[in-house]
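So this one's coords_22.cif, mmCIF, C-alpha atoms and all ligand atoms:
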data_input
#
loop_
_atom_site.label_atom_id
_atom_site.label_comp_id
_atom_site.auth_asym_id
_atom_site.auth_seq_id
_atom_site.Cartn_x
_atom_site.Cartn_y
_atom_site.Cartn_z
CA MET P 1 5.14 10.98 1.56
CA ASP P 2 8.52 12.03 0.24
CA LYS P 3 9.66 8.41 0.32
CA SER P 4 6.46 7.02 -1.23
CA CYS P 5 7.01 5.96 -4.82
CA ILE P 6 5.90 3.73 -7.64
CA ILE P 7 8.31 0.84 -8.04
CA GLU P 8 8.45 -0.92 -11.39
CA LEU P 9 9.05 -4.67 -11.11
CA SER P 10 10.98 -6.90 -13.48
CA ARG P 11 8.93 -8.49 -16.22
CA HIS P 12 9.78 -11.82 -17.77
CA PHE P 13 7.90 -11.94 -21.04
CA ASP P 14 6.88 -15.34 -22.26
CA PRO P 15 4.38 -16.57 -24.85
CA ARG P 16 3.11 -18.88 -22.07
CA GLY P 17 2.30 -15.86 -19.90
CA ASN P 18 4.37 -13.16 -18.26
CA LEU P 19 5.96 -13.28 -14.82
CA SER P 20 6.94 -10.54 -12.36
CA VAL P 21 8.74 -10.91 -9.05
CA ILE P 22 9.25 -9.10 -5.73
CA GLU P 23 12.24 -9.82 -3.49
CA GLU P 24 12.64 -8.17 -0.09
CA PHE P 25 15.38 -5.51 0.15
CA LYS P 26 16.02 -5.89 -3.59
CA ASP P 27 12.80 -4.74 -5.24
CA ILE P 28 11.22 -3.21 -2.13
CA PRO P 29 13.02 -1.48 0.76
CA PHE P 30 11.87 -3.73 3.62
CA LYS P 31 11.72 -7.29 4.89
CA ILE P 32 8.37 -8.93 4.14
CA GLU P 33 6.74 -10.07 7.39
CA ARG P 34 3.22 -10.42 6.05
CA ALA P 35 1.19 -10.61 2.85
CA TYR P 36 -2.52 -10.03 2.55
CA TRP P 37 -4.87 -9.38 -0.30
CA ILE P 38 -8.16 -7.61 -0.81
CA TYR P 39 -10.65 -9.20 -3.18
CA ASP P 40 -14.38 -9.42 -3.92
CA VAL P 41 -14.59 -5.65 -3.48
CA PRO P 42 -17.83 -4.32 -4.98
CA GLY P 43 -17.04 -1.96 -7.90
CA GLY P 44 -16.50 1.66 -6.76
CA GLU P 45 -16.00 0.68 -3.09
CA ALA P 46 -13.33 2.23 -0.79
CA ARG P 47 -11.11 0.72 1.93
CA GLY P 48 -8.23 1.75 4.11
CA GLY P 49 -8.65 5.12 5.75
CA HIS P 50 -5.88 4.78 8.31
CA ALA P 51 -2.14 5.19 8.88
CA TYR P 52 0.40 2.95 10.57
CA LYS P 53 2.88 3.99 13.22
CA GLU P 54 5.53 1.50 12.10
CA ASN P 55 4.25 -0.67 9.27
CA GLU P 56 5.46 -0.03 5.73
CA GLU P 57 3.63 -1.49 2.73
CA PHE P 58 3.95 -2.26 -0.93
CA ILE P 59 0.66 -2.41 -2.82
CA VAL P 60 0.16 -4.07 -6.22
CA ALA P 61 -2.98 -4.30 -8.34
CA LEU P 62 -2.59 -7.94 -9.37
CA SER P 63 -5.82 -7.62 -11.30
CA GLY P 64 -8.16 -4.76 -12.21
CA SER P 65 -7.55 -1.27 -10.89
CA PHE P 66 -7.98 1.00 -7.89
CA ASP P 67 -6.64 4.31 -6.61
CA VAL P 68 -4.47 4.77 -3.54
CA VAL P 69 -4.68 8.22 -1.98
CA LEU P 70 -1.70 9.10 0.23
CA ASP P 71 -1.83 12.00 2.68
CA ASN P 72 1.11 13.18 4.82
CA GLY P 73 -1.03 15.69 6.73
CA ILE P 74 0.02 18.50 4.41
CA GLU P 75 -0.67 17.25 0.91
CA LYS P 76 -2.54 14.42 -0.79
CA LYS P 77 -1.41 12.44 -3.80
CA THR P 78 -3.43 9.89 -5.78
CA PHE P 79 -1.80 6.92 -7.49
CA GLN P 80 -3.79 4.79 -9.90
CA LEU P 81 -2.69 1.16 -9.78
CA ASN P 82 -3.80 -0.90 -12.75
CA ARG P 83 -0.93 -3.19 -13.77
CA SER P 84 0.58 -6.21 -12.05
CA TYR P 85 4.18 -5.20 -12.87
CA TYR P 86 4.43 -2.15 -10.64
CA GLY P 87 3.35 -1.18 -7.17
CA LEU P 88 3.25 1.64 -4.66
CA TYR P 89 5.63 1.82 -1.71
CA VAL P 90 3.93 3.42 1.30
CA PRO P 91 6.26 4.47 4.16
CA LYS P 92 5.06 4.46 7.76
CA GLY P 93 3.16 7.45 9.09
CA ILE P 94 1.17 8.16 5.91
CA TRP P 95 -2.63 8.22 5.86
CA ARG P 96 -3.80 5.97 3.05
CA GLU P 97 -7.11 5.26 1.44
CA MET P 98 -7.89 2.85 -1.36
CA GLU P 99 -10.81 3.73 -3.58
CA ASN P 100 -12.47 3.28 -6.98
CA PHE P 101 -11.93 -0.47 -6.98
CA SER P 102 -12.92 -1.97 -10.31
CA THR P 103 -15.12 -5.06 -10.20
CA ASN P 104 -13.00 -8.20 -9.73
CA SER P 105 -9.90 -6.22 -8.77
CA LEU P 106 -7.29 -7.93 -6.62
CA ALA P 107 -4.94 -5.93 -4.37
CA LEU P 108 -1.82 -7.61 -3.01
CA ILE P 109 -0.25 -5.89 -0.01
CA LEU P 110 3.17 -6.82 1.35
CA ALA P 111 3.80 -5.50 4.85
CA SER P 112 6.94 -4.95 6.92
CA THR P 113 5.38 -5.94 10.26
CA LYS P 114 3.13 -8.65 11.63
CA TYR P 115 -0.51 -7.63 12.11
CA ASP P 116 -0.85 -5.41 15.18
CA ALA P 117 -4.12 -3.58 15.81
CA ASN P 118 -2.19 -1.12 18.02
CA ASP P 119 -0.07 -0.02 15.07
CA TYR P 120 -3.13 1.54 13.39
CA ILE P 121 -3.98 5.22 13.58
CA ARG P 122 -7.67 5.18 12.65
CA ASP P 123 -8.69 8.65 13.74
CA TYR P 124 -7.78 11.34 11.19
CA SER P 125 -7.41 14.09 13.79
CA ASP P 126 -5.03 11.86 15.82
CA PHE P 127 -3.08 11.30 12.60
CA LEU P 128 -2.81 15.03 11.96
CA LYS P 129 -1.52 15.64 15.50
CA ILE P 130 1.15 12.94 15.11
CA ALA P 131 2.10 14.09 11.59
CA GLN P 132 2.44 17.70 12.73
CA ASN P 133 4.61 16.71 15.70
CA GLU P 134 6.89 14.69 13.45
CA ASP P 135 7.31 17.70 11.19
CA LYS P 136 8.83 19.71 14.06
P1 LIG L 1 -8.28 -3.41 8.04
O1 LIG L 1 -6.81 -3.25 7.96
O2 LIG L 1 -9.01 -2.63 9.09
O3 LIG L 1 -8.90 -3.14 6.61
P2 LIG L 1 -9.41 -1.76 5.99
O4 LIG L 1 -8.62 -0.68 6.63
O5 LIG L 1 -9.17 -1.89 4.53
O6 LIG L 1 -10.85 -1.66 6.32
O7 LIG L 1 -8.58 -4.97 8.24
C1 LIG L 1 -9.89 -5.49 8.19
C2 LIG L 1 -10.00 -6.63 9.18
O8 LIG L 1 -9.06 -7.66 8.90
C3 LIG L 1 -9.75 -6.21 10.63
O9 LIG L 1 -10.74 -6.83 11.42
C4 LIG L 1 -8.43 -6.79 10.99
C5 LIG L 1 -8.25 -7.95 10.02
N1 LIG L 1 -6.84 -8.10 9.60
C6 LIG L 1 -6.06 -9.09 10.16
O10 LIG L 1 -6.52 -9.88 11.01
N2 LIG L 1 -4.76 -9.24 9.76
C7 LIG L 1 -4.20 -8.40 8.84
O11 LIG L 1 -3.01 -8.56 8.49
C8 LIG L 1 -5.02 -7.35 8.27
C9 LIG L 1 -4.45 -6.40 7.27
C10 LIG L 1 -6.33 -7.23 8.70
#
Is it possible to give me this structure as structure tokens?
Ligand code: TYD
Amino acid sequence: MDKSCIIELSRHFDPRGNLSVIEEFKDIPFKIERAYWIYDVPGGEARGGHAYKENEEFIVALSGSFDVVLDNGIEKKTFQLNRSYYGLYVPKGIWREMENFSTNSLALILASTKYDANDYIRDYSDFLKIAQNEDK
């Protein structure tokens, strides 16, 4: 949680339309191994509800808005994402939920690892056990 943060991206203003950019290790603190996006989410819906053992992510609301709730096992923090020129860095080992999606929102997620179902912690009580052990 301590390392989680909003990262503001560069903005290149142009009457033809603005442009923002993300470069690995420059704008975000990891190498990008994977990109995925979440779309066609019914308004008000929630997703996520898991942590990763190793994967780190950077989440941007390319369109619309949604909330990302981060939980380190001790405290929870909610970040509202609603602009395409900043995003949320989520370190490994943090429980994260995405909720309150606006209709037609588009979430871009850049990830530091390839997809690996074994990297997921999907059970909240397992997460708490791991988080508490890491605290020691
Ligand atoms: P999941 O991460 O479980 O989404 P959420 O936690 O928001 O419900 O992913 C949903 C499905 O998509 C799941 O069957 C796995 C698949 N998936 C991939 O195949 N590759 C990926 O990179 C991701 C993120 C998911």
Could you please give me, as JSON, numbers by chain, the residues of protein, DNA or RNA lying at most 10 Å from (-13.9, -3.2, -8.3) in the coordinate frame of the file, considering all atoms listed in the file?
{"P": [39, 40, 41, 42, 43, 44, 45, 46, 63, 64, 65, 66, 99, 100, 101, 102, 103, 104, 105, 106]}
Next, the residues of the selection above should be written as a PDB file, keeping the file's coordinate frame with C-alpha atoms.
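Written out: selection_6.pdb:
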ATOM      1  CA  TYR P  39     -10.650  -9.200  -3.180  1.00  0.00           C
ATOM      2  CA  ASP P  40     -14.380  -9.420  -3.920  1.00  0.00           C
ATOM      3  CA  VAL P  41     -14.590  -5.650  -3.480  1.00  0.00           C
ATOM      4  CA  PRO P  42     -17.830  -4.320  -4.980  1.00  0.00           C
ATOM      5  CA  GLY P  43     -17.040  -1.960  -7.900  1.00  0.00           C
ATOM      6  CA  GLY P  44     -16.500   1.660  -6.760  1.00  0.00           C
ATOM      7  CA  GLU P  45     -16.000   0.680  -3.090  1.00  0.00           C
ATOM      8  CA  ALA P  46     -13.330   2.230  -0.790  1.00  0.00           C
ATOM      9  CA  SER P  63      -5.820  -7.620 -11.300  1.00  0.00           C
ATOM     10  CA  GLY P  64      -8.160  -4.760 -12.210  1.00  0.00           C
ATOM     11  CA  SER P  65      -7.550  -1.270 -10.890  1.00  0.00           C
ATOM     12  CA  PHE P  66      -7.980   1.000  -7.890  1.00  0.00           C
ATOM     13  CA  GLU P  99     -10.810   3.730  -3.580  1.00  0.00           C
ATOM     14  CA  ASN P 100     -12.470   3.280  -6.980  1.00  0.00           C
ATOM     15  CA  PHE P 101     -11.930  -0.470  -6.980  1.00  0.00           C
ATOM     16  CA  SER P 102     -12.920  -1.970 -10.310  1.00  0.00           C
ATOM     17  CA  THR P 103     -15.120  -5.060 -10.200  1.00  0.00           C
ATOM     18  CA  ASN P 104     -13.000  -8.200  -9.730  1.00  0.00           C
ATOM     19  CA  SER P 105      -9.900  -6.220  -8.770  1.00  0.00           C
ATOM     20  CA  LEU P 106      -7.290  -7.930  -6.620  1.00  0.00           C
TER      21      LEU P 106
END
Is it possible to get the axis-aligned box enclosing ligand LIG 1 (chain L) (all listed atoms, 3 Å extra per side) as AutoDock Vina command-line options, with centre and edge lengths in Å rounded to one decimal?
--center_x -6.9 --center_y -5.3 --center_z 8.0 --size_x 13.8 --size_y 15.2 --size_z 12.9
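Of the listed residues P:Glu56, P:Leu88, P:Arg96, P:Asp119, the one whose atoms come nearest to Leu70 in chain P is P:Arg96, with distances taken using only C-alpha atoms.
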Would you tabulate, counting only C-alpha atoms and all ligand atoms, all residues of chain P that have an atom at most 6 Å from an atom of ligand LIG 1 (chain L), showing the closest pair of atoms and their distance in Å to one decimal, sorted by chain then ascending number, as a tab-separated table?
residue	atom	partner	partner_atom	distance
P:Arg47	CA	L:LIG1	O5	4.2
P:Gly48	CA	L:LIG1	O4	3.5
P:Gly49	CA	L:LIG1	O4	5.9
P:Tyr115	CA	L:LIG1	O11	4.5
Would you be able to write out as a JSON list (two decimals) with C-alpha atoms, keeping the file's coordinate frame which residues have an atom within 9 Å of (-1.6, 11.0, 6.6) in the file's coordinates, counting only C-alpha atoms?
[["chain", "number", "residue", "atom", "x", "y", "z"],
["P", 1, "MET", "CA", 5.14, 10.98, 1.56],
["P", 50, "HIS", "CA", -5.88, 4.78, 8.31],
["P", 51, "ALA", "CA", -2.14, 5.19, 8.88],
["P", 70, "LEU", "CA", -1.70, 9.10, 0.23],
["P", 71, "ASP", "CA", -1.83, 12.00, 2.68],
["P", 72, "ASN", "CA", 1.11, 13.18, 4.82],
["P", 73, "GLY", "CA", -1.03, 15.69, 6.73],
["P", 74, "ILE", "CA", 0.02, 18.50, 4.41],
["P", 75, "GLU", "CA", -0.67, 17.25, 0.91],
["P", 76, "LYS", "CA", -2.54, 14.42, -0.79],
["P", 93, "GLY", "CA", 3.16, 7.45, 9.09],
["P", 94, "ILE", "CA", 1.17, 8.16, 5.91],
["P", 95, "TRP", "CA", -2.63, 8.22, 5.86],
["P", 96, "ARG", "CA", -3.80, 5.97, 3.05],
["P", 124, "TYR", "CA", -7.78, 11.34, 11.19],
["P", 127, "PHE", "CA", -3.08, 11.30, 12.60],
["P", 128, "LEU", "CA", -2.81, 15.03, 11.96],
["P", 131, "ALA", "CA", 2.10, 14.09, 11.59]]
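Between CA of Glu134 in chain P and CA of Glu24 in chain P there is a distance of 27.2 Å.
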Please measure the separation of CA of Phe58 in chain P and CA of Asn82 in chain P, giving the value in Å to one decimal.
14.2 Å
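Closest approach to Glu57 in chain P among P:Lys3, P:Lys114, P:Arg122, P:Lys92 is made by P:Lys92 (distances from all atoms listed in the file).
Restricting the calculation to all atoms listed in the file, the smallest distance between Ser10 in chain P and any of P:Val69, P:Leu62, P:Ile38, P:Tyr86 is found for P:Tyr86.
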List as an mmCIF file with C-alpha atoms, keeping the file's coordinate frame the protein and nucleic acid residues near Asn55 in chain P, meaning an atom at most 7 Å away when all atoms listed in the file are counted, but skip any in the same chain fewer than 5 places from it.
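Written file, around_19.cif:
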data_model
loop_
_atom_site.group_PDB
_atom_site.id
_atom_site.type_symbol
_atom_site.label_atom_id
_atom_site.label_comp_id
_atom_site.auth_asym_id
_atom_site.auth_seq_id
_atom_site.Cartn_x
_atom_site.Cartn_y
_atom_site.Cartn_z
ATOM 1 C CA LYS P 92 5.060 4.460 7.760
ATOM 2 C CA ALA P 111 3.800 -5.500 4.850
ATOM 3 C CA SER P 112 6.940 -4.950 6.920
ATOM 4 C CA THR P 113 5.380 -5.940 10.260
#
With all atoms listed in the file as the atoms that count, which of P:Lys26, P:Lys129, P:Lys53, P:Lys77 lies nearest to Ile7 in chain P?
P:Lys26
May I ask you to restore N, CA, C and O atoms in range 49-64 of chain P and write the result as a PDB file, keeping the file's coordinate frame?
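Contents of result-v7.pdb, freshly written:
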ATOM      1  N   GLY P  49      -8.244   4.048   4.851  1.00  0.00           N
ATOM      2  CA  GLY P  49      -8.650   5.120   5.750  1.00  0.00           C
ATOM      3  C   GLY P  49      -7.979   4.992   7.100  1.00  0.00           C
ATOM      4  O   GLY P  49      -8.636   4.969   8.142  1.00  0.00           O
ATOM      5  N   HIS P  50      -6.649   4.835   7.076  1.00  0.00           N
ATOM      6  CA  HIS P  50      -5.880   4.780   8.310  1.00  0.00           C
ATOM      7  C   HIS P  50      -4.402   4.973   7.981  1.00  0.00           C
ATOM      8  O   HIS P  50      -4.010   4.968   6.803  1.00  0.00           O
ATOM      9  N   ALA P  51      -3.602   5.142   9.038  1.00  0.00           N
ATOM     10  CA  ALA P  51      -2.140   5.190   8.880  1.00  0.00           C
ATOM     11  C   ALA P  51      -1.558   4.162   9.836  1.00  0.00           C
ATOM     12  O   ALA P  51      -2.259   3.637  10.708  1.00  0.00           O
ATOM     13  N   TYR P  52      -0.294   3.849   9.640  1.00  0.00           N
ATOM     14  CA  TYR P  52       0.400   2.950  10.570  1.00  0.00           C
ATOM     15  C   TYR P  52       1.533   3.707  11.241  1.00  0.00           C
ATOM     16  O   TYR P  52       2.181   4.534  10.611  1.00  0.00           O
ATOM     17  N   LYS P  53       1.753   3.365  12.514  1.00  0.00           N
ATOM     18  CA  LYS P  53       2.880   3.990  13.220  1.00  0.00           C
ATOM     19  C   LYS P  53       4.202   3.442  12.721  1.00  0.00           C
ATOM     20  O   LYS P  53       5.169   4.168  12.560  1.00  0.00           O
ATOM     21  N   GLU P  54       4.267   2.140  12.486  1.00  0.00           N
ATOM     22  CA  GLU P  54       5.530   1.500  12.100  1.00  0.00           C
ATOM     23  C   GLU P  54       5.487   0.772  10.761  1.00  0.00           C
ATOM     24  O   GLU P  54       6.503   0.660  10.081  1.00  0.00           O
ATOM     25  N   ASN P  55       4.328   0.220  10.434  1.00  0.00           N
ATOM     26  CA  ASN P  55       4.250  -0.670   9.270  1.00  0.00           C
ATOM     27  C   ASN P  55       4.479   0.073   7.952  1.00  0.00           C
ATOM     28  O   ASN P  55       3.950   1.156   7.735  1.00  0.00           O
ATOM     29  N   GLU P  56       5.279  -0.535   7.096  1.00  0.00           N
ATOM     30  CA  GLU P  56       5.460  -0.030   5.730  1.00  0.00           C
ATOM     31  C   GLU P  56       4.799  -1.034   4.790  1.00  0.00           C
ATOM     32  O   GLU P  56       4.747  -2.226   5.104  1.00  0.00           O
ATOM     33  N   GLU P  57       4.332  -0.576   3.638  1.00  0.00           N
ATOM     34  CA  GLU P  57       3.630  -1.490   2.730  1.00  0.00           C
ATOM     35  C   GLU P  57       4.042  -1.282   1.278  1.00  0.00           C
ATOM     36  O   GLU P  57       4.511  -0.214   0.891  1.00  0.00           O
ATOM     37  N   PHE P  58       3.807  -2.340   0.519  1.00  0.00           N
ATOM     38  CA  PHE P  58       3.950  -2.260  -0.930  1.00  0.00           C
ATOM     39  C   PHE P  58       2.668  -2.840  -1.522  1.00  0.00           C
ATOM     40  O   PHE P  58       2.284  -3.962  -1.205  1.00  0.00           O
ATOM     41  N   ILE P  59       1.995  -2.051  -2.344  1.00  0.00           N
ATOM     42  CA  ILE P  59       0.660  -2.410  -2.820  1.00  0.00           C
ATOM     43  C   ILE P  59       0.703  -2.625  -4.336  1.00  0.00           C
ATOM     44  O   ILE P  59       1.196  -1.759  -5.077  1.00  0.00           O
ATOM     45  N   VAL P  60       0.192  -3.761  -4.784  1.00  0.00           N
ATOM     46  CA  VAL P  60       0.160  -4.070  -6.220  1.00  0.00           C
ATOM     47  C   VAL P  60      -1.276  -4.418  -6.628  1.00  0.00           C
ATOM     48  O   VAL P  60      -1.958  -5.162  -5.920  1.00  0.00           O
ATOM     49  N   ALA P  61      -1.701  -3.886  -7.757  1.00  0.00           N
ATOM     50  CA  ALA P  61      -2.980  -4.300  -8.340  1.00  0.00           C
ATOM     51  C   ALA P  61      -2.699  -5.531  -9.195  1.00  0.00           C
ATOM     52  O   ALA P  61      -2.291  -5.412 -10.345  1.00  0.00           O
ATOM     53  N   LEU P  62      -2.868  -6.713  -8.608  1.00  0.00           N
ATOM     54  CA  LEU P  62      -2.590  -7.940  -9.370  1.00  0.00           C
ATOM     55  C   LEU P  62      -3.598  -8.096 -10.499  1.00  0.00           C
ATOM     56  O   LEU P  62      -3.310  -8.695 -11.535  1.00  0.00           O
ATOM     57  N   SER P  63      -4.786  -7.551 -10.282  1.00  0.00           N
ATOM     58  CA  SER P  63      -5.820  -7.620 -11.300  1.00  0.00           C
ATOM     59  C   SER P  63      -6.716  -6.392 -11.161  1.00  0.00           C
ATOM     60  O   SER P  63      -6.883  -5.882 -10.044  1.00  0.00           O
ATOM     61  N   GLY P  64      -7.256  -5.914 -12.267  1.00  0.00           N
ATOM     62  CA  GLY P  64      -8.160  -4.760 -12.210  1.00  0.00           C
ATOM     63  C   GLY P  64      -7.429  -3.493 -11.816  1.00  0.00           C
ATOM     64  O   GLY P  64      -6.215  -3.362 -12.016  1.00  0.00           O
TER      65      GLY P  64
END
